[in-house]
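Structure data (compact mmCIF, C-alpha atoms) from query.txt:
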# COMPACT_ATOMS: atom_id res chain seq x y z
CA MET S 756 -16.63 23.21 12.46
CA THR S 757 -16.45 22.63 8.70
CA VAL S 758 -13.08 20.97 9.24
CA TRP S 759 -14.67 18.53 11.68
CA ILE S 760 -17.44 17.77 9.18
CA ALA S 761 -14.80 17.01 6.55
CA ILE S 762 -12.80 14.79 8.91
CA ILE S 763 -15.80 12.80 10.11
CA GLY S 764 -17.36 12.57 6.64
CA ALA S 765 -14.14 11.40 5.03
CA SER S 766 -13.52 8.92 7.85
CA LEU S 767 -17.01 7.40 7.56
CA ILE S 768 -16.67 6.97 3.81
CA ALA S 769 -13.14 5.58 4.14
CA PHE S 770 -14.34 3.02 6.66
CA ALA S 771 -17.41 2.11 4.58
CA LEU S 772 -15.15 1.53 1.55
CA LYS S 773 -12.89 -0.78 3.54
CA PHE S 774 -15.81 -2.59 5.18
CA ALA S 775 -17.69 -3.11 1.90
CA GLY S 776 -14.97 -5.39 0.57
CA TYR S 777 -15.47 -7.76 3.50
CA THR S 778 -19.19 -8.20 2.86
CA VAL S 779 -18.75 -10.21 -0.36
CA PRO S 780 -19.81 -13.86 0.19
CA PRO S 781 -16.86 -16.31 0.25
CA SER S 782 -18.76 -18.64 -2.12
CA PHE S 783 -18.36 -16.01 -4.86
CA LEU S 784 -14.62 -15.77 -4.26
CA GLU S 785 -14.26 -19.58 -4.42
CA LYS S 786 -15.51 -19.84 -8.02
CA PRO S 787 -12.62 -21.10 -10.22
CA ARG S 788 -12.65 -18.08 -12.53
CA VAL S 789 -12.75 -15.64 -9.61
CA SER S 790 -10.07 -17.48 -7.67
CA HIS S 791 -7.85 -17.52 -10.78
CA ILE S 792 -8.21 -13.73 -10.88
CA THR S 793 -7.58 -13.30 -7.18
CA THR S 794 -4.34 -15.31 -7.45
CA LEU S 795 -3.18 -12.91 -10.16
CA LEU S 796 -4.20 -9.78 -8.23
CA PRO S 797 -1.26 -9.65 -5.79
CA ALA S 798 1.29 -9.43 -8.61
CA ALA S 799 -0.70 -6.61 -10.23
CA LEU S 800 -1.29 -4.69 -7.00
CA LEU S 801 2.29 -5.02 -5.75
CA ALA S 802 3.71 -4.01 -9.14
CA ALA S 803 1.44 -0.95 -9.19
CA LEU S 804 2.45 -0.04 -5.63
CA VAL S 805 6.11 -0.24 -6.64
CA VAL S 806 5.43 2.17 -9.51
CA MET S 807 3.35 4.55 -7.39
CA GLN S 808 5.80 4.58 -4.50
CA THR S 809 8.91 4.95 -6.68
CA PHE S 810 8.11 6.95 -9.77
CA THR S 811 5.28 9.33 -8.89
CA SER S 812 4.87 12.62 -7.16
CA GLY S 813 1.20 13.59 -7.08
CA SER S 814 0.07 13.27 -10.69
CA SER S 815 3.56 13.44 -12.19
CA LEU S 816 5.95 10.69 -13.16
CA VAL S 817 9.37 11.52 -11.71
CA LEU S 818 12.80 9.95 -11.67
CA ASP S 819 14.71 10.66 -8.46
CA ALA S 820 16.75 9.00 -5.71
CA ARG S 821 13.91 6.55 -5.09
CA ALA S 822 14.61 4.93 -8.48
CA ALA S 823 18.26 4.43 -7.49
CA GLY S 824 17.03 2.95 -4.22
CA LEU S 825 14.76 0.57 -6.11
CA LEU S 826 17.64 -0.48 -8.37
CA ALA S 827 19.79 -1.16 -5.30
CA ALA S 828 16.94 -3.20 -3.84
CA ILE S 829 16.65 -5.29 -7.01
CA ILE S 830 20.40 -5.97 -6.96
CA ALA S 831 20.10 -7.02 -3.32
CA LEU S 832 17.18 -9.32 -4.24
CA VAL S 833 19.16 -10.90 -7.09
CA LEU S 834 21.94 -11.52 -4.56
CA ARG S 835 19.32 -13.22 -2.34
CA ALA S 836 19.66 -10.72 0.48
CA PRO S 837 17.07 -10.99 3.29
CA PHE S 838 14.07 -8.65 3.30
CA ILE S 839 15.38 -6.25 5.94
CA VAL S 840 18.72 -5.90 4.12
CA VAL S 841 16.90 -5.11 0.86
CA VAL S 842 14.93 -2.35 2.60
CA ILE S 843 17.98 -0.87 4.35
CA VAL S 844 20.13 -0.95 1.19
CA ALA S 845 17.43 0.99 -0.69
CA ALA S 846 16.97 3.57 2.08
CA ALA S 847 20.73 4.07 2.44
CA THR S 848 21.20 4.44 -1.31
CA ALA S 849 18.52 7.14 -1.58
CA ALA S 850 19.66 8.90 1.61
CA LEU S 851 23.32 9.01 0.52
CA LEU S 852 22.51 10.24 -2.99
CA ARG S 853 20.41 13.01 -1.48
CA ALA S 854 22.95 13.96 1.17
CA PHE S 855 26.09 13.94 -0.96
CA LEU S 856 24.98 14.41 -4.55
CA GLY S 857 21.95 16.59 -3.89
CA TRP S 858 19.54 14.26 -5.71
CA ALA S 859 15.84 14.96 -5.35
CA MET W 701 0.21 -25.16 14.64
CA ALA W 702 3.60 -23.67 13.91
CA SER W 703 5.49 -22.38 16.91
CA PRO W 704 6.18 -18.64 17.15
CA THR W 705 9.86 -19.39 16.67
CA ASP W 706 9.19 -20.99 13.29
CA PRO W 707 11.69 -19.23 10.96
CA ALA W 708 8.99 -18.57 8.35
CA ARG W 709 6.80 -16.82 10.91
CA ARG W 710 9.72 -14.82 12.22
CA ALA W 711 10.47 -13.73 8.65
CA VAL W 712 6.87 -12.54 8.28
CA ILE W 713 7.12 -10.59 11.54
CA ARG W 714 10.38 -8.99 10.41
CA GLN W 715 8.79 -8.02 7.08
CA GLY W 716 5.76 -6.55 8.79
CA LEU W 717 7.79 -4.60 11.31
CA SER W 718 10.23 -3.17 8.77
CA VAL W 719 7.34 -2.01 6.60
CA ALA W 720 5.57 -0.62 9.67
CA ILE W 721 8.62 1.35 10.78
CA ALA W 722 9.37 2.76 7.32
CA THR W 723 5.77 3.87 6.74
CA GLY W 724 4.82 4.61 10.31
CA LEU W 725 7.45 7.35 10.50
CA TYR W 726 5.65 9.20 7.71
CA GLY W 727 3.08 10.22 10.27
CA ILE W 728 5.53 12.95 11.24
CA SER W 729 5.12 14.49 7.78
CA PHE W 730 1.37 14.21 8.05
CA GLY W 731 1.19 15.73 11.52
CA ALA W 732 3.43 18.63 10.59
CA LEU W 733 1.70 19.31 7.27
CA SER W 734 -1.76 19.03 8.79
CA VAL W 735 -1.06 21.66 11.45
CA ALA W 736 0.57 23.84 8.79
CA SER W 737 -2.66 23.50 6.74
CA GLY W 738 -4.64 25.00 9.58
CA LEU W 739 -5.98 21.95 11.41
CA THR W 740 -5.65 21.85 15.18
CA ILE W 741 -3.48 19.21 16.85
CA TRP W 742 -6.65 17.50 18.06
CA GLN W 743 -8.19 17.45 14.57
CA THR W 744 -4.92 16.15 13.15
CA CYS W 745 -4.78 13.23 15.59
CA VAL W 746 -8.45 12.31 15.12
CA THR W 747 -7.87 12.22 11.36
CA SER W 748 -5.07 9.67 11.76
CA LEU W 749 -7.08 7.61 14.25
CA LEU W 750 -10.33 7.48 12.25
CA LEU W 751 -9.44 7.98 8.60
CA PHE W 752 -6.23 5.94 8.80
CA SER W 753 -5.21 5.80 5.15
CA GLY W 754 -2.14 7.87 4.32
CA GLY W 755 -3.08 8.96 0.80
CA SER W 756 -6.63 9.89 1.80
CA GLN W 757 -5.39 11.90 4.77
CA PHE W 758 -2.88 13.90 2.75
CA ALA W 759 -5.58 14.55 0.13
CA LEU W 760 -8.04 15.75 2.78
CA ILE W 761 -5.71 18.24 4.42
CA GLY W 762 -4.31 19.27 1.03
CA VAL W 763 -7.72 20.35 -0.24
CA LEU W 764 -8.77 21.93 3.09
CA GLY W 765 -5.44 23.74 3.42
CA GLY W 766 -5.78 25.03 -0.14
CA GLY W 767 -9.12 26.58 0.75
CA GLY W 768 -11.23 23.89 -0.94
CA SER W 769 -14.77 23.05 0.14
CA VAL W 770 -15.71 20.24 2.52
CA GLY W 771 -17.24 18.37 -0.41
CA ALA W 772 -14.10 18.63 -2.52
CA ALA W 773 -11.93 17.53 0.39
CA VAL W 774 -14.11 14.52 1.19
CA ALA W 775 -14.35 13.57 -2.50
CA ALA W 776 -10.58 13.68 -3.01
CA SER W 777 -10.02 11.66 0.13
CA SER W 778 -12.69 9.08 -0.75
CA LEU W 779 -11.47 8.59 -4.31
CA LEU W 780 -8.15 7.50 -2.86
CA GLY W 781 -9.91 5.13 -0.49
CA VAL W 782 -11.64 3.10 -3.21
CA ARG W 783 -8.63 0.85 -3.62
CA ASN W 784 -9.05 -0.27 -0.01
CA THR W 785 -12.33 -1.94 -1.05
CA LEU W 786 -10.34 -3.98 -3.49
CA TYR W 787 -7.80 -4.88 -0.83
CA ALA W 788 -10.57 -6.00 1.51
CA LEU W 789 -12.02 -8.16 -1.27
CA GLN W 790 -8.62 -9.68 -1.84
CA LEU W 791 -8.16 -10.32 1.89
CA THR W 792 -11.62 -11.79 2.55
CA PRO W 793 -10.66 -15.47 2.08
CA THR W 794 -7.60 -14.97 4.29
CA MET W 795 -9.01 -12.88 7.09
CA ALA W 796 -12.60 -14.18 6.86
CA PRO W 797 -13.76 -11.67 9.47
CA ARG W 798 -17.29 -12.00 10.84
CA GLY W 799 -19.55 -9.74 12.84
CA LEU W 800 -17.90 -6.98 14.82
CA TRP W 801 -14.49 -8.49 14.16
CA ARG W 802 -14.82 -6.94 10.69
CA VAL W 803 -14.43 -3.49 12.24
CA PRO W 804 -10.75 -3.70 13.30
CA VAL W 805 -9.90 -5.77 10.23
CA ALA W 806 -11.50 -3.18 7.94
CA GLN W 807 -9.87 -0.26 9.73
CA LEU W 808 -6.39 -1.81 9.31
CA THR W 809 -6.91 -2.62 5.63
CA ILE W 810 -4.43 -0.36 3.80
CA ASP W 811 -1.70 -0.64 1.15
CA GLU W 812 0.99 -1.96 3.44
CA SER W 813 -0.96 -4.49 5.53
CA THR W 814 -2.44 -5.89 2.31
CA ALA W 815 0.93 -5.98 0.56
CA VAL W 816 2.61 -7.93 3.37
CA ALA W 817 -0.37 -10.26 3.84
CA ILE W 818 -0.89 -11.26 0.21
CA ALA W 819 2.83 -11.85 -0.29
CA GLN W 820 2.80 -14.84 2.09
CA ASP W 821 2.27 -18.46 1.05
CA THR W 822 0.03 -19.80 3.81
CA VAL W 823 -3.15 -18.49 5.40
CA PRO W 824 -1.69 -18.31 8.96
CA ASN W 825 1.31 -16.37 7.69
CA ARG W 826 -0.93 -14.05 5.66
CA ARG W 827 -2.96 -13.33 8.77
CA LEU W 828 0.17 -12.81 10.81
CA GLY W 829 1.56 -10.43 8.17
CA PHE W 830 -1.70 -8.48 8.13
CA TRP W 831 -1.88 -8.06 11.90
CA VAL W 832 1.80 -7.28 12.50
CA THR W 833 1.88 -4.71 9.71
CA GLY W 834 -1.57 -3.26 10.37
CA ILE W 835 -1.19 -2.88 14.12
CA GLY W 836 2.44 -1.77 13.79
CA ILE W 837 1.54 0.99 11.35
CA TYR W 838 -1.59 2.01 13.29
CA ALA W 839 0.45 2.46 16.46
CA GLY W 840 3.41 4.10 14.72
CA TRP W 841 1.37 6.33 12.42
CA ASN W 842 -0.79 7.73 15.22
CA LEU W 843 2.13 8.28 17.54
CA THR W 844 4.22 10.03 14.90
CA THR W 845 1.20 12.07 13.78
CA LEU W 846 1.07 13.53 17.29
CA VAL W 847 4.83 14.10 17.31
CA GLY W 848 4.68 15.81 13.91
CA ALA W 849 1.74 17.98 14.98
CA LEU W 850 3.59 19.04 18.14
CA VAL W 851 7.10 19.64 16.84
CA GLY W 852 6.45 20.34 13.17
CA ASP W 853 9.31 19.60 10.84
CA ALA W 854 12.02 19.77 13.52
CA ILE W 855 12.93 16.10 13.00
CA GLY W 856 13.25 16.67 9.30
CA ASP W 857 11.77 15.18 6.20
CA PRO W 858 11.61 11.34 6.30
CA LYS W 859 12.89 11.52 2.71
CA GLN W 860 16.32 12.53 3.97
CA TYR W 861 16.59 9.12 5.61
CA GLY W 862 15.48 7.41 2.40
CA LEU W 863 12.28 6.11 3.98
CA ASP W 864 10.34 6.64 0.76
CA ALA W 865 12.84 4.40 -1.06
CA ALA W 866 12.56 1.90 1.82
CA ALA W 867 8.83 1.61 1.08
CA SER W 868 9.57 1.04 -2.64
CA ALA W 869 12.07 -1.66 -1.69
CA ALA W 870 9.56 -3.33 0.63
CA PHE W 871 6.96 -3.53 -2.16
CA ILE W 872 9.43 -4.94 -4.72
CA ALA W 873 10.76 -7.42 -2.14
CA LEU W 874 7.19 -8.61 -1.51
CA LEU W 875 6.57 -8.90 -5.26
CA TRP W 876 9.87 -10.64 -6.05
CA PRO W 877 9.07 -14.20 -4.89
CA ARG W 878 5.88 -14.18 -6.98
CA LEU W 879 7.80 -13.62 -10.20
CA LYS W 880 8.73 -17.28 -10.69
CA SER W 881 6.18 -18.24 -13.30
CA ARG W 882 5.14 -16.56 -16.52
CA GLN W 883 1.61 -15.46 -15.68
CA PRO W 884 2.43 -13.32 -12.63
CA VAL W 885 5.41 -11.80 -14.45
CA ALA W 886 3.21 -10.85 -17.40
CA VAL W 887 0.51 -9.47 -15.10
CA ALA W 888 3.04 -7.51 -13.01
CA ILE W 889 4.65 -5.92 -16.06
CA ALA W 890 1.31 -5.06 -17.66
CA ALA W 891 -0.03 -3.66 -14.38
CA ALA W 892 3.09 -1.54 -13.83
CA VAL W 893 2.96 -0.14 -17.37
CA VAL W 894 -0.78 0.64 -17.16
CA ALA W 895 -0.42 2.26 -13.73
CA ALA W 896 2.53 4.40 -14.86
CA ALA W 897 0.78 5.43 -18.09
CA LEU W 898 -2.32 6.55 -16.20
CA VAL W 899 -0.55 8.57 -13.47
CA PRO W 900 -0.52 11.87 -15.40
CA VAL W 901 -4.05 11.58 -16.76
CA VAL W 902 -6.31 10.23 -14.00
CA PRO W 903 -6.82 11.31 -10.37
CA VAL W 904 -4.38 9.96 -7.79
CA GLY W 905 -5.53 6.58 -6.50
CA ILE W 906 -7.05 5.39 -9.78
CA PRO W 907 -3.86 3.86 -11.29
CA VAL W 908 -3.76 1.13 -8.62
CA ILE W 909 -7.39 0.28 -9.39
CA ALA W 910 -6.58 0.15 -13.11
CA ALA W 911 -3.71 -2.21 -12.29
CA ALA W 912 -6.18 -4.49 -10.57
CA ALA W 913 -8.38 -4.32 -13.67
CA VAL W 914 -5.38 -5.58 -15.65
CA ALA W 915 -5.32 -8.68 -13.45
CA VAL W 916 -9.07 -9.16 -13.90
CA VAL W 917 -8.87 -8.91 -17.70
CA PHE W 918 -5.83 -11.16 -17.78
CA GLY W 919 -7.61 -13.65 -15.53
CA LEU W 920 -10.66 -13.70 -17.80
CA LEU W 921 -8.53 -14.27 -20.90
CA THR W 922 -6.29 -16.99 -19.50
CA ARG W 923 -6.68 -20.23 -17.62
CA ARG W 924 -4.91 -21.22 -14.47
CA ARG W 925 -1.62 -22.79 -15.52
CA THR W 926 -1.96 -26.55 -15.93
CA PRO W 927 0.84 -29.12 -16.38
CA GLU W 928 0.10 -28.86 -20.10
CA PRO W 929 0.00 -25.13 -20.73
CA GLN W 930 -2.66 -24.04 -23.18
CA GLN W 931 -3.13 -20.61 -24.59
CA PRO W 932 -6.73 -19.87 -25.47
CA ASP W 933 -7.43 -17.31 -28.16
CA GLY W 934 -6.98 -13.76 -27.06
CA THR W 935 -4.36 -14.51 -24.46
CA ILE W 936 -2.09 -11.61 -23.64
CA LEU W 937 0.94 -13.88 -23.43

Can you dump the structure from the file as structure tokens?
Amino acid sequence: MTVWIAIIGASLIAFALKFAGYTVPPSFLEKPRVSHITTLLPAALLAALVVMQTFTSGSSLVLDARAAGLLAAIIALVLRAPFIVVVIVAAATAALLRAFLGWA
Amino acid sequence: MASPTDPARRAVIRQGLSVAIATGLYGISFGALSVASGLTIWQTCVTSLLLFSGGSQFALIGVLGGGGSVGAAVAASSLLGVRNTLYALQLTPTMAPRGLWRVPVAQLTIDESTAVAIAQDTVPNRRLGFWVTGIGIYAGWNLTTLVGALVGDAIGDPKQYGLDAAASAAFIALLWPRLKSRQPVAVAIAAAVVAAALVPVVPVGIPVIAAAAVAVVFGLLTRRRTPEPQQPDGTIL
């Protein structure tokens, strides 16, 4: 029963947090200063997601096969590879390093 | 109205689907880990259906499995969910959901759907990216949660297929086209450094919010780039 309470409680809060962001009036978001900030936000959020997804494990910073995958992805991007190729190159790099070199 | 065969729209669909497949498969890890933590298969599936936010779900079962209280589990899960508020805020002009329509839009607002949406240039493509990624992950994540709960780790760790690196690559590929002018580059670097620096010292989930704060501060200190660039006092550039 306590598990159910935790699941439902966490789900309600999670939904409320998501929903809350959609209740802000558009007029606020159209102000020049605010819209300048919101155009900068994607770069900040995506950069942070790259860091979180690649270099962290819980609360630790780690360097493992994901970093090599990211490097391979950047090389693919510099070579103007399409999105799907970039993703596959990164996955293959990390998978091969783990399978054959025993990387974490 | 662009036709569905418009190459730009097809590119958005491909992006959304590749992100959805790479992340959706992680539901296997969640399903397996959740059952191992003592939740029933039914509880595990309801968590993926209702909570639907990877980080929050892993936090919830992690605390419960470790013998933590309901309060601690809900708090850990919710802390990780705060960034979704920010994503919703960012997506409001694009999605502009009203009334009950806000319910599905809110439920699908997560890292990946936001990342694919905000990376697109036009509002229709942003919407398309949001829906393809959001629905794709919702379907995949819930299906693989069930599979993981039923078969455990028999399929193996998604890491062995490099799917974690695939997600990193997807995020950098979405960021890449934005790095053409100085302001986004500066913001991206500052946000990455701040997020990385905070990882060891603040709870999981906070670094992304701090990265957003970097953009806010930067935005308050700079002006939108004009043909004649001007650097007001206090600029970070």

Could you build a table of the residues in range 757-808 of chain W lying no more than 8 Å from range 822-841 of chain W, giving for each the nearest pair of atoms and their separation in Å rounded to one decimal place, using all atoms listed in the file, ordered by chain and ascending residue number, as a Markdown table?
| residue | atom | partner | partner_atom | distance |
| --- | --- | --- | --- | --- |
| W:Thr794 | CA | W:Val823 | CA | 5.8 |
| W:Met795 | CA | W:Arg827 | CA | 6.3 |
| W:Leu808 | CA | W:Gly834 | CA | 5.1 |

- [ ] Check the smallest atom-to-atom distance from each of S:Val789, S:Ala775, S:Leu851, S:Val758 to Ala820 in chain S using only C-alpha atoms, then report the winner.
- [x] S:Leu851

Task: Neighbour residues at most 12 Å from (-22.5, -7.6, 2.5) (only C-alpha atoms) as number ranges by chain - done: S: 771-781, 783; W: 789, 792, 797-799, 802

TODO: Would you mind reading off the distance between CA of Phe855 in chain S and CA of Ala849 in chain W, one decimal, in Å?
DONE: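 Between CA of Phe855 in chain S and CA of Ala849 in chain W the gap is 29.4 Å.
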
TODO: Extract, using all atoms listed in the file, all DNA, RNA and protein residues at most 10 Å from Val847 in chain W, discarding same-chain residues fewer than 6 positions from it, and format them as a VMD selection string.
DONE: chain W and resid 725 727 to 732 741 745 841 853 to 855

Since the input has fewer atoms than a full residue there, write range 712-737 of chain W out with N, CA and C atoms, as a compact mmCIF listing (two decimals), in the coordinates of the input.
# COMPACT_ATOMS: atom_id res chain seq x y z
N VAL W 712 8.07 -13.35 8.52
CA VAL W 712 6.87 -12.54 8.28
C VAL W 712 6.82 -11.37 9.26
N ILE W 713 7.14 -11.65 10.53
CA ILE W 713 7.12 -10.59 11.54
C ILE W 713 8.16 -9.52 11.20
N ARG W 714 9.35 -9.96 10.78
CA ARG W 714 10.38 -8.99 10.41
C ARG W 714 9.92 -8.13 9.23
N GLN W 715 9.30 -8.78 8.23
CA GLN W 715 8.79 -8.02 7.08
C GLN W 715 7.78 -6.98 7.54
N GLY W 716 6.82 -7.45 8.34
CA GLY W 716 5.76 -6.55 8.79
C GLY W 716 6.31 -5.38 9.58
N LEU W 717 7.24 -5.67 10.46
CA LEU W 717 7.79 -4.60 11.31
C LEU W 717 8.63 -3.62 10.49
N SER W 718 9.42 -4.13 9.53
CA SER W 718 10.23 -3.17 8.77
C SER W 718 9.34 -2.27 7.92
N VAL W 719 8.28 -2.85 7.36
CA VAL W 719 7.34 -2.01 6.60
C VAL W 719 6.66 -1.01 7.53
N ALA W 720 6.27 -1.49 8.72
CA ALA W 720 5.57 -0.62 9.67
C ALA W 720 6.45 0.54 10.10
N ILE W 721 7.73 0.28 10.34
CA ILE W 721 8.62 1.35 10.78
C ILE W 721 8.83 2.37 9.65
N ALA W 722 9.12 1.85 8.45
CA ALA W 722 9.37 2.76 7.32
C ALA W 722 8.16 3.64 7.04
N THR W 723 6.95 3.06 7.05
CA THR W 723 5.77 3.87 6.74
C THR W 723 5.27 4.62 7.96
N GLY W 724 5.35 3.97 9.11
CA GLY W 724 4.82 4.61 10.31
C GLY W 724 5.46 5.97 10.56
N LEU W 725 6.75 6.09 10.24
CA LEU W 725 7.45 7.35 10.50
C LEU W 725 6.93 8.50 9.64
N TYR W 726 6.21 8.14 8.54
CA TYR W 726 5.65 9.20 7.71
C TYR W 726 4.56 9.99 8.40
N GLY W 727 4.07 9.47 9.52
CA GLY W 727 3.08 10.22 10.27
C GLY W 727 3.61 11.58 10.71
N ILE W 728 4.93 11.66 10.87
CA ILE W 728 5.53 12.95 11.24
C ILE W 728 5.24 13.99 10.16
N SER W 729 5.43 13.58 8.89
CA SER W 729 5.12 14.49 7.78
C SER W 729 3.66 14.89 7.82
N PHE W 730 2.79 13.89 8.05
CA PHE W 730 1.37 14.21 8.05
C PHE W 730 1.02 15.17 9.17
N GLY W 731 1.51 14.87 10.38
CA GLY W 731 1.19 15.73 11.52
C GLY W 731 1.64 17.16 11.30
N ALA W 732 2.88 17.29 10.80
CA ALA W 732 3.43 18.63 10.59
C ALA W 732 2.65 19.38 9.51
N LEU W 733 2.39 18.67 8.40
CA LEU W 733 1.70 19.31 7.27
C LEU W 733 0.27 19.68 7.64
N SER W 734 -0.38 18.80 8.42
CA SER W 734 -1.76 19.03 8.79
C SER W 734 -1.91 20.30 9.63
N VAL W 735 -1.01 20.46 10.61
CA VAL W 735 -1.06 21.66 11.45
C VAL W 735 -0.73 22.90 10.60
N ALA W 736 0.22 22.72 9.69
CA ALA W 736 0.57 23.84 8.79
C ALA W 736 -0.61 24.21 7.89
N SER W 737 -1.49 23.23 7.59
CA SER W 737 -2.66 23.50 6.74
C SER W 737 -3.79 24.15 7.50
